[in-house]
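S.K.: Hey, dropping work.csv in here, CSV, C-alpha atoms:
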chain,number,residue,atom,x,y,z
A,1,MET,CA,24.0,-5.5,32.2
A,2,LYS,CA,20.3,-5.3,31.5
A,3,GLU,CA,19.8,-2.5,34.1
A,4,GLU,CA,22.8,-0.6,32.7
A,5,PHE,CA,21.4,-0.9,29.2
A,6,ILE,CA,17.9,0.3,30.2
A,7,ALA,CA,19.4,3.3,32.0
A,8,CYS,CA,21.5,4.1,29.0
A,9,ILE,CA,18.4,3.9,26.6
A,10,SER,CA,16.2,5.8,29.0
A,11,GLU,CA,18.8,8.6,29.1
A,12,HIS,CA,19.0,8.9,25.4
A,13,GLU,CA,15.6,7.7,24.2
A,14,ARG,CA,15.0,10.9,22.3
A,15,ILE,CA,17.6,9.6,19.7
A,16,LEU,CA,15.4,6.6,18.9
A,17,PHE,CA,12.4,8.8,18.8
A,18,LYS,CA,14.0,11.3,16.3
A,19,VAL,CA,15.2,8.6,14.0
A,20,CYS,CA,11.9,6.8,14.0
A,21,LYS,CA,10.1,10.1,13.3
A,22,MET,CA,12.5,10.9,10.4
A,23,TYR,CA,12.1,7.5,8.7
A,24,CYS,CA,8.5,6.5,9.4
A,25,ARG,CA,5.2,8.1,8.5
A,26,SER,CA,2.9,5.9,10.5
A,27,ARG,CA,2.7,4.9,14.1
A,28,ASP,CA,2.9,1.2,13.3
A,29,ASP,CA,6.0,1.6,11.2
A,30,GLU,CA,7.5,3.7,14.0
A,31,GLN,CA,6.8,0.9,16.5
A,32,ASP,CA,8.4,-1.7,14.2
A,33,LEU,CA,11.5,0.4,13.6
A,34,PHE,CA,11.7,1.2,17.4
A,35,GLN,CA,11.8,-2.5,18.2
A,36,ASP,CA,14.3,-3.2,15.5
A,37,ILE,CA,16.7,-0.5,16.7
A,38,LEU,CA,16.3,-1.6,20.3
A,39,LEU,CA,17.2,-5.2,19.4
A,40,GLN,CA,20.3,-4.1,17.5
A,41,LEU,CA,21.3,-1.8,20.3
A,42,TRP,CA,20.9,-4.7,22.8
A,43,GLN,CA,23.0,-7.0,20.6
A,44,SER,CA,25.8,-4.5,20.2
A,45,PHE,CA,25.8,-3.2,23.8
A,46,PRO,CA,28.3,-5.8,25.1
A,47,SER,CA,30.8,-4.9,22.3
A,48,PHE,CA,30.4,-1.1,22.8
A,49,LYS,CA,33.8,-0.1,24.2
A,50,ARG,CA,32.9,3.5,25.1
A,51,ASN,CA,35.6,4.8,22.7
A,52,SER,CA,33.0,7.1,21.3
A,53,LYS,CA,30.1,9.0,23.0
A,54,VAL,CA,27.0,6.9,23.9
A,55,SER,CA,24.9,9.2,21.7
A,56,THR,CA,27.2,8.7,18.7
A,57,TRP,CA,27.0,4.9,19.1
A,58,MET,CA,23.2,5.1,19.4
A,59,TYR,CA,22.9,7.2,16.3
A,60,ARG,CA,25.2,4.9,14.4
A,61,VAL,CA,23.2,1.8,15.3
A,62,ALA,CA,19.8,3.5,14.9
A,63,LEU,CA,20.6,4.9,11.5
A,64,ASN,CA,22.2,1.7,10.3
A,65,THR,CA,19.1,-0.2,11.3
A,66,ALA,CA,16.7,2.4,9.7
A,67,ILE,CA,18.6,2.3,6.4
A,68,THR,CA,19.4,-1.4,6.0
A,69,ARG,CA,16.2,-2.9,7.5
A,70,LEU,CA,13.8,-4.8,5.2
A,71,ARG,CA,10.7,-2.8,5.2
A,72,SER,CA,7.4,-4.7,5.1
A,73,GLU,CA,5.4,-3.8,1.9
A,74,LYS,CA,2.2,-2.6,3.4
A,75,LYS,CA,-0.6,-1.5,1.2
A,76,LYS,CA,-0.9,2.2,1.2
A,77,PRO,CA,-4.3,3.6,2.1
A,78,GLU,CA,-6.2,4.6,-1.0
A,79,GLN,CA,-6.3,8.3,-1.8
A,80,GLN,CA,-9.7,9.9,-1.4
A,81,THR,CA,-10.9,12.4,-3.9
A,82,ILE,CA,-11.9,15.8,-2.4
A,83,ASP,CA,-15.5,16.8,-2.6
A,84,LYS,CA,-16.0,20.0,-4.7
A,85,ASP,CA,-18.2,21.6,-2.0
A,86,VAL,CA,-15.4,21.2,0.6
A,87,LEU,CA,-13.1,23.2,-1.6
A,88,GLN,CA,-15.6,26.1,-1.5
A,89,ILE,CA,-15.4,26.4,2.3
A,90,PRO,CA,-13.2,29.3,3.2
A,91,ASN,CA,-9.8,28.3,4.5
A,92,THR,CA,-9.4,28.7,8.3
A,93,ILE,CA,-6.6,31.0,9.1
A,94,ARG,CA,-3.5,29.0,9.7
A,95,ASP,CA,-0.2,30.0,11.3
A,96,PRO,CA,2.2,30.6,8.4
A,97,LYS,CA,5.0,29.1,10.5
A,98,GLU,CA,3.0,25.9,11.0
A,99,GLU,CA,2.3,25.8,7.2
A,100,ASN,CA,5.9,26.3,6.4
A,101,PHE,CA,6.9,23.5,8.8
A,102,GLU,CA,4.5,21.1,7.2
A,103,LEU,CA,5.9,22.0,3.8
A,104,MET,CA,9.4,21.3,5.1
A,105,MET,CA,8.3,17.9,6.5
A,106,ARG,CA,6.8,17.0,3.1
A,107,ALA,CA,10.1,18.1,1.4
A,108,ILE,CA,12.1,16.0,3.9
A,109,GLU,CA,10.0,13.0,3.0
A,110,LYS,CA,11.3,13.3,-0.5
A,111,LEU,CA,14.9,13.0,0.6
A,112,THR,CA,16.9,9.8,0.2
A,113,ASP,CA,17.7,7.6,3.2
A,114,VAL,CA,21.3,8.9,3.2
A,115,GLU,CA,20.2,12.5,3.1
A,116,LYS,CA,17.7,11.8,6.0
A,117,ALA,CA,20.5,10.4,8.1
A,118,ILE,CA,22.6,13.5,7.6
A,119,MET,CA,19.6,15.6,8.4
A,120,VAL,CA,19.0,13.8,11.7
A,121,LEU,CA,22.6,14.4,12.7
A,122,TYR,CA,22.6,18.0,11.5
A,123,MET,CA,19.5,18.8,13.5
A,124,GLU,CA,21.2,17.5,16.6
A,125,ASP,CA,24.2,19.9,16.1
A,126,HIS,CA,26.7,17.1,15.6
A,127,SER,CA,30.1,18.2,14.5
A,128,TYR,CA,31.2,17.4,10.9
A,129,ARG,CA,33.7,14.9,12.4
A,130,GLU,CA,31.0,13.0,14.3
A,131,MET,CA,28.7,13.0,11.2
A,132,ALA,CA,31.6,11.7,9.0
A,133,GLU,CA,32.3,9.0,11.6
A,134,VAL,CA,28.7,7.8,11.7
A,135,MET,CA,28.1,8.0,7.9
A,136,GLY,CA,31.5,6.7,6.7
A,137,MET,CA,32.2,9.9,4.7
A,138,THR,CA,34.9,12.6,4.8
A,139,GLU,CA,34.2,15.8,6.7
A,140,SER,CA,34.4,17.9,3.5
A,141,ASN,CA,31.9,15.7,1.8
A,142,ILE,CA,29.5,16.1,4.7
A,143,GLY,CA,29.7,19.8,4.2
A,144,PHE,CA,29.1,19.5,0.5
A,145,LYS,CA,26.2,17.1,1.1
A,146,ILE,CA,24.6,19.5,3.7
A,147,ASN,CA,24.6,22.4,1.2
A,148,GLN,CA,23.2,20.0,-1.4
A,149,ILE,CA,20.3,19.0,1.0
A,150,LYS,CA,19.6,22.7,1.8
A,151,THR,CA,19.3,23.5,-1.9
A,152,LYS,CA,17.2,20.4,-2.6
A,153,LEU,CA,14.8,21.3,0.3
A,154,LYS,CA,14.5,24.9,-0.8
A,155,THR,CA,13.6,23.8,-4.4
A,156,THR,CA,11.1,21.1,-3.2
A,157,VAL,CA,9.4,23.6,-0.8
A,158,ASN,CA,9.1,26.1,-3.7
A,159,VAL,CA,7.6,23.5,-6.0
A,160,LEU,CA,5.2,22.4,-3.2
A,161,ASN,CA,4.2,26.0,-2.5
A,162,TYR,CA,3.5,26.8,-6.2
A,163,GLY,CA,1.6,23.5,-6.5
A,164,ALA,CA,-0.7,24.3,-3.5
B,1,MET,CA,11.7,28.4,5.9
B,2,GLU,CA,15.5,28.1,6.2
B,3,LEU,CA,17.0,24.8,7.5
B,4,ASP,CA,18.3,26.5,10.7
B,5,GLU,CA,14.8,27.9,11.4
B,6,PHE,CA,13.3,24.5,10.7
B,7,LYS,CA,15.8,22.9,13.1
B,8,THR,CA,14.4,24.9,16.0
B,9,THR,CA,10.8,24.1,15.0
B,10,TRP,CA,11.6,20.4,14.4
B,11,ASN,CA,13.2,20.1,17.8
B,12,LYS,CA,10.2,21.9,19.5
B,13,TYR,CA,7.7,19.7,17.6
B,14,LEU,CA,9.5,16.5,18.7
B,15,GLU,CA,9.7,17.7,22.3
B,16,ASP,CA,6.0,18.6,22.3
B,17,GLU,CA,5.1,15.1,20.9
B,18,ARG,CA,7.1,13.5,23.7
B,19,LYS,CA,5.6,15.7,26.3
B,20,GLU,CA,2.1,14.5,25.4
B,21,ARG,CA,2.9,11.5,27.5
B,22,PRO,CA,3.9,11.8,31.2
B,23,HIS,CA,7.6,11.4,31.5
B,24,SER,CA,7.8,8.7,34.1
B,25,ASP,CA,5.1,6.7,32.3
B,26,TYR,CA,7.0,7.1,29.0
B,27,ILE,CA,10.2,5.9,30.6
B,28,ASN,CA,8.4,2.9,32.1
B,29,MET,CA,6.8,2.1,28.8
B,30,ILE,CA,10.2,2.1,27.1
B,31,THR,CA,11.7,0.1,29.9
B,32,MET,CA,8.9,-2.5,29.7
B,33,LYS,CA,9.3,-2.6,25.9
B,34,ILE,CA,13.0,-3.2,26.2
B,35,SER,CA,12.6,-5.9,28.8
B,36,ASN,CA,9.8,-7.6,26.9
B,37,THR,CA,11.7,-7.4,23.6
B,38,VAL,CA,14.9,-8.6,25.1
B,39,ASN,CA,13.2,-11.4,27.1
B,40,LYS,CA,11.2,-12.4,24.0
B,41,LEU,CA,14.4,-12.4,21.9
B,42,ASN,CA,16.2,-14.6,24.5
B,43,GLU,CA,13.2,-16.9,24.9
B,44,ASN,CA,12.8,-17.3,21.1
B,45,THR,CA,16.5,-17.8,20.5
B,46,ILE,CA,16.8,-20.4,23.3
B,47,TYR,CA,13.6,-22.1,22.2
B,48,TRP,CA,14.5,-22.4,18.5
B,49,TRP,CA,18.1,-23.2,19.2
B,50,LYS,CA,17.0,-26.1,21.5
B,51,PHE,CA,14.3,-27.2,19.1
B,52,THR,CA,16.6,-27.3,16.0
B,53,ARG,CA,19.4,-28.9,18.0
B,54,ASN,CA,17.1,-31.7,19.3
B,55,VAL,CA,15.6,-32.3,15.8
B,56,MET,CA,19.1,-32.6,14.3
B,57,ILE,CA,20.4,-34.8,17.1
B,58,LEU,CA,17.3,-37.1,16.7
B,59,LEU,CA,17.7,-37.3,12.9
B,60,PHE,CA,21.4,-38.2,13.1
B,61,ILE,CA,20.8,-40.7,16.0
B,62,MET,CA,18.2,-42.4,13.8
B,63,LEU,CA,20.6,-42.4,10.9
B,64,ALA,CA,23.4,-43.8,13.0
B,65,ALA,CA,21.2,-46.4,14.7
B,66,ASN,CA,19.9,-47.6,11.3
B,67,ILE,CA,23.4,-47.8,9.8
B,68,SER,CA,24.6,-49.8,12.9
B,69,PHE,CA,21.6,-52.2,12.8
B,70,PHE,CA,22.1,-52.7,9.1
B,71,ILE,CA,25.8,-53.4,9.6
B,72,LEU,CA,25.3,-55.7,12.6
B,73,PHE,CA,22.2,-57.6,11.6
B,74,PRO,CA,21.9,-57.3,7.8
B,75,GLU,CA,19.7,-60.4,7.5
B,76,LYS,CA,17.1,-59.1,10.1
B,77,PHE,CA,16.8,-55.6,8.7
B,78,GLN,CA,16.8,-56.2,5.0
B,79,ASN,CA,14.3,-53.3,4.4
B,80,LEU,CA,16.7,-50.9,5.9
B,81,GLU,CA,18.7,-50.9,2.8
B,82,ASN,CA,15.9,-48.9,1.2
B,83,ALA,CA,15.2,-46.8,4.3
B,84,LEU,CA,18.8,-45.7,4.9
B,85,PRO,CA,19.2,-43.3,2.0
B,86,VAL,CA,15.8,-41.8,2.8
B,87,PHE,CA,16.9,-41.0,6.4
B,88,GLY,CA,20.2,-39.7,5.2
B,89,ILE,CA,18.6,-37.4,2.6
B,90,LEU,CA,16.0,-36.2,5.2
B,91,ALA,CA,18.8,-35.4,7.7
B,92,PHE,CA,20.9,-33.5,5.2
B,93,TYR,CA,17.9,-31.7,3.8
B,94,ALA,CA,17.0,-30.5,7.3
B,95,LEU,CA,20.6,-29.5,7.9
B,96,GLY,CA,20.6,-27.5,4.6
B,97,ILE,CA,17.4,-25.7,5.3
B,98,LEU,CA,18.6,-24.8,8.8
B,99,TRP,CA,21.9,-23.4,7.4
B,100,VAL,CA,20.0,-21.3,4.8
B,101,TYR,CA,17.7,-19.9,7.6
B,102,TYR,CA,20.6,-19.0,9.9
B,103,GLU,CA,22.6,-17.5,7.1
B,104,LYS,CA,19.6,-15.3,6.2
B,105,VAL,CA,19.3,-14.0,9.7
B,106,LYS,CA,22.9,-12.9,9.6
B,107,ILE,CA,22.3,-10.6,6.6
B,108,PHE,CA,20.4,-8.1,8.8
B,109,ASP,CA,23.0,-8.2,11.6
B,110,ILE,CA,24.6,-4.7,11.6
B,111,VAL,CA,26.2,-5.0,15.1
B,112,ASP,CA,29.8,-5.3,13.7
B,113,SER,CA,29.5,-2.3,11.4
B,114,ASN,CA,31.5,0.8,12.0
B,115,ASN,CA,29.4,3.2,10.0
B,116,ILE,CA,26.4,3.4,7.7
B,117,ARG,CA,28.5,2.9,4.6
B,118,ASN,CA,30.1,-0.2,6.1
B,119,ALA,CA,26.7,-1.6,7.2
B,120,ILE,CA,25.3,-1.2,3.7
B,121,GLU,CA,28.3,-2.8,2.1
B,122,LYS,CA,28.1,-5.7,4.5
B,123,ALA,CA,24.4,-6.2,4.0
B,124,ILE,CA,24.8,-6.3,0.2
B,125,ARG,CA,27.8,-8.6,0.3
B,126,ARG,CA,26.0,-11.0,2.8
B,127,PHE,CA,22.8,-11.1,0.8
B,128,ASN,CA,24.7,-11.9,-2.5
B,129,ARG,CA,26.7,-14.6,-0.8
B,130,TRP,CA,23.6,-16.0,0.8
B,131,TYR,CA,21.6,-15.9,-2.4
B,132,ILE,CA,24.3,-17.8,-4.4
B,133,LEU,CA,25.0,-20.4,-1.7
B,134,SER,CA,21.4,-21.0,-0.8
B,135,THR,CA,20.6,-21.6,-4.6
B,136,LEU,CA,23.6,-24.0,-4.7
B,137,VAL,CA,22.4,-25.8,-1.6
B,138,TYR,CA,18.9,-26.1,-3.1
B,139,LEU,CA,20.3,-27.3,-6.4
B,140,PHE,CA,22.0,-30.1,-4.6
B,141,LEU,CA,19.3,-31.0,-2.0
B,142,LEU,CA,16.0,-30.5,-3.9
B,143,PRO,CA,16.6,-33.2,-6.6
B,144,LEU,CA,17.4,-35.7,-3.8
B,145,MET,CA,14.4,-34.6,-1.7
B,146,PHE,CA,12.1,-34.9,-4.7
B,147,TYR,CA,13.5,-38.3,-5.6
B,148,VAL,CA,12.6,-39.5,-2.1
B,149,VAL,CA,9.1,-38.0,-2.4
B,150,VAL,CA,8.5,-39.4,-5.9
B,151,ASN,CA,9.8,-42.8,-4.9
B,152,ILE,CA,7.9,-43.1,-1.7
B,153,GLY,CA,4.8,-41.4,-3.1
B,154,SER,CA,4.5,-43.6,-6.1
B,155,GLU,CA,4.9,-46.8,-4.1
B,156,ALA,CA,2.6,-45.7,-1.2
B,157,PHE,CA,-0.2,-44.1,-3.2
B,158,LEU,CA,0.0,-45.6,-6.7
B,159,HIS,CA,1.5,-48.9,-5.7
B,160,LYS,CA,3.8,-49.0,-8.6
B,161,SER,CA,7.3,-47.7,-9.4
B,162,PHE,CA,8.3,-45.7,-12.4
B,163,PRO,CA,11.4,-46.2,-14.5
B,164,LEU,CA,14.5,-44.4,-13.3
B,165,ASN,CA,14.5,-42.1,-16.3
B,166,THR,CA,10.9,-40.9,-15.6
B,167,GLU,CA,11.7,-40.3,-12.0
B,168,VAL,CA,14.9,-38.3,-12.8
B,169,ILE,CA,13.0,-36.2,-15.3
B,170,ALA,CA,10.2,-35.5,-12.9
B,171,CYS,CA,12.7,-34.5,-10.2
B,172,ALA,CA,14.6,-32.2,-12.6
B,173,VAL,CA,11.4,-30.5,-13.6
B,174,MET,CA,10.2,-30.1,-10.0
B,175,THR,CA,13.6,-28.7,-9.0
B,176,ILE,CA,13.7,-26.2,-11.8
B,177,LEU,CA,10.1,-25.1,-11.0
B,178,THR,CA,10.9,-24.7,-7.3
B,179,LEU,CA,14.1,-22.7,-8.1
B,180,ILE,CA,12.1,-20.4,-10.4
B,181,GLY,CA,9.5,-20.0,-7.7
B,182,ASN,CA,12.2,-19.3,-5.2
B,183,HIS,CA,13.8,-16.7,-7.5
B,184,PHE,CA,10.4,-14.8,-7.9
B,185,TYR,CA,9.9,-15.0,-4.1
B,186,TYR,CA,13.3,-13.5,-3.5
B,187,LYS,CA,12.7,-10.9,-6.2
B,188,LYS,CA,9.5,-9.8,-4.6
B,189,THR,CA,10.8,-9.8,-1.1
B,190,TYR,CA,14.4,-8.7,-1.3
B,191,PHE,CA,15.4,-7.3,-4.7
B,192,ARG,CA,13.7,-3.9,-4.2
B,193,TRP,CA,15.4,-3.6,-0.8
B,194,LEU,CA,18.7,-4.6,-2.4
B,195,ASP,CA,18.3,-1.9,-5.2
B,196,LEU,CA,17.6,0.7,-2.5
B,197,LEU,CA,20.7,-0.3,-0.6
B,198,LYS,CA,22.8,-0.2,-3.8
B,199,ASN,CA,21.5,3.3,-4.5
B,200,ASN,CA,22.3,4.4,-1.0
B,201,LEU,CA,25.8,3.0,-1.3
B,202,LYS,CA,26.3,4.7,-4.7
B,203,GLU,CA,25.2,8.0,-3.1
B,204,LEU,CA,27.7,7.6,-0.2
B,205,GLU,CA,30.5,6.5,-2.6
B,206,GLY,CA,29.7,9.1,-5.1
B,207,GLU,CA,30.2,11.7,-2.4
B,208,ALA,CA,33.4,10.1,-1.3
B,209,LYS,CA,35.1,10.6,-4.7
Please re-express this file's structure in structure tokens.

M.R.:
Amino acid sequence: MKEEFIACISEHERILFKVCKMYCRSRDDEQDLFQDILLQLWQSFPSFKRNSKVSTWMYRVALNTAITRLRSEKKKPEQQTIDKDVLQIPNTIRDPKEENFELMMRAIEKLTDVEKAIMVLYMEDHSYREMAEVMGMTESNIGFKINQIKTKLKTTVNVLNYGA
Amino acid sequence: MELDEFKTTWNKYLEDERKERPHSDYINMITMKISNTVNKLNENTIYWWKFTRNVMILLFIMLAANISFFILFPEKFQNLENALPVFGILAFYALGILWVYYEKVKIFDIVDSNNIRNAIEKAIRRFNRWYILSTLVYLFLLPLMFYVVVNIGSEAFLHKSFPLNTEVIACAVMTILTLIGNHFYYKKTYFRWLDLLKNNLKELEGEAK
């Protein structure tokens, strides 16, 4: 069973990678979440009856773990004040696409855990039915929530843009 | 940037990050991680299960042996009359603490959950149940444990015994202080997490209406 489990995880490891990236902002936290998800997957592997797709099962367990886990309260690194001289150095030309991507990432950070879970599934092109199955919501509510997330992200990106 | 455009960039970004590491090495690392974690989990589970089981067996054997000796040879083991309640309280205290520990582990078990909403509901329900039951267990066990500590401590270190009233008041005060301390510990460790879960559930239920 161990070999079967390892093969299954190796085939779909990008799912764990994506969930960890969405919910964590530091490598240490990613490692912790990765281990937590792995343990939950291992524990639920014997009862997985293959009624649903392996990827749906993995998303369900991974997102359940990411949302319900008890996060350790680690002290955040102190924010450093920026030297005035540094601000006078002309900005290096950056790819606007890259800048927009960073803004979006910052906007995503501000989403709730539930919204992040829907985002992960949406990014993977899951159907509304699969998303509803994983989240425990109706398909129509998933659609409503996705529109809400889109508006929220747009607003946050605009606010961040004007603030910059 | 629209969400659909972001989706493409996000997938590319994740793929690039993954490609930083050689594929076979990355798979090996994951495989090793899984094996290590699973082995460690099994070892820990087996070790702690054996340890707790043996401690409990030992405590109850001692209790049973003492009761038997006391019943069979009451004249030879007169002091056992005092020792028996102590052994009994220790054994039940250990049992209570173990129960609280294992029930706590169950809170974070999401294996039997069908979806995120279900997992959150179960985690909240299990935490509330555990919090109430563990407080009740402590409320019952702590005064007994403190009574044993006060009784043995006063005789062993101060070489005198206090009146029953004083001992009862001391035990009650220590129990209340410990329960207050426990409450603040839980508040610091779990209550913020619990609030977060309740908010998530509200969000999921709000959308379901």

S.K.: With a distance cut-off of 9 Å and all atoms listed in the file, select the neighbouring residues of Val150 of chain B, excluding the residue or stretch itself and same-chain residues fewer than 5 positions from it, and output the selection as a PyMOL selection string.

M.R.: chain B and resi 145+155+167+170-171

S.K.: When the cut-off is 6 Å and we count all atoms listed in the file, which residues of chain B are near chain A, given as a list of chain:residue names?

M.R.: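 Putting it all together, I get B:Lys7, B:Val111, B:Asn115, B:Ile116, B:Arg117.
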
S.K.: Separation of atom CA of Ile118 of chain A and atom CA of Val54 of chain A, in Å?

M.R.: 18.1 Å

S.K.: Could you work out how far atom CA of Ile146 of chain A lies from atom CA of Asn158 of chain A, giving the answer in Å with one decimal?

M.R.: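 Calculated distance between atom CA of Asn158 of chain A and atom CA of Ile146 of chain A is 18.4 Å.
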
S.K.: Quick one, how far is atom CA of Trp10 of chain B from atom CA of Arg129 of chain A?

M.R.: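 Computed distance, atom CA of Trp10 of chain B to atom CA of Arg129 of chain A, equals 22.9 Å.
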
S.K.: Of the residues B:Trp193, B:Met56, B:Phe184, B:Phe140, which is the one nearest to Ile124 of chain B, using only C-alpha atoms?

M.R.: B:Trp193

S.K.: Around all the atoms of segment 24-33 of chain A listed in the file, with 6 Å of room on each side, what axis-aligned box do you get, giving centre and edge lengths in Å to one decimal, as AutoDock Vina command-line options?

M.R.:
--center_x 7.1 --center_y 3.2 --center_z 12.5 --size_x 20.8 --size_y 21.8 --size_z 20.0

S.K.: Please list as JSON, numbers by chain every residue within 9 Å of Arg126 of chain B, counting all atoms listed in the file and excluding residues in the same chain fewer than 4 positions away.

M.R.: {"B": [103, 104, 106, 107, 108, 121, 122, 130, 131]}

S.K.: Write the selection just made, keeping C-alpha atoms, as a JSON list (two decimals), in the coordinates of the input?

M.R.:
[["chain", "number", "residue", "atom", "x", "y", "z"],
["B", 103, "GLU", "CA", 22.60, -17.50, 7.10],
["B", 104, "LYS", "CA", 19.60, -15.30, 6.20],
["B", 106, "LYS", "CA", 22.90, -12.90, 9.60],
["B", 107, "ILE", "CA", 22.30, -10.60, 6.60],
["B", 108, "PHE", "CA", 20.40, -8.10, 8.80],
["B", 121, "GLU", "CA", 28.30, -2.80, 2.10],
["B", 122, "LYS", "CA", 28.10, -5.70, 4.50],
["B", 130, "TRP", "CA", 23.60, -16.00, 0.80],
["B", 131, "TYR", "CA", 21.60, -15.90, -2.40]]
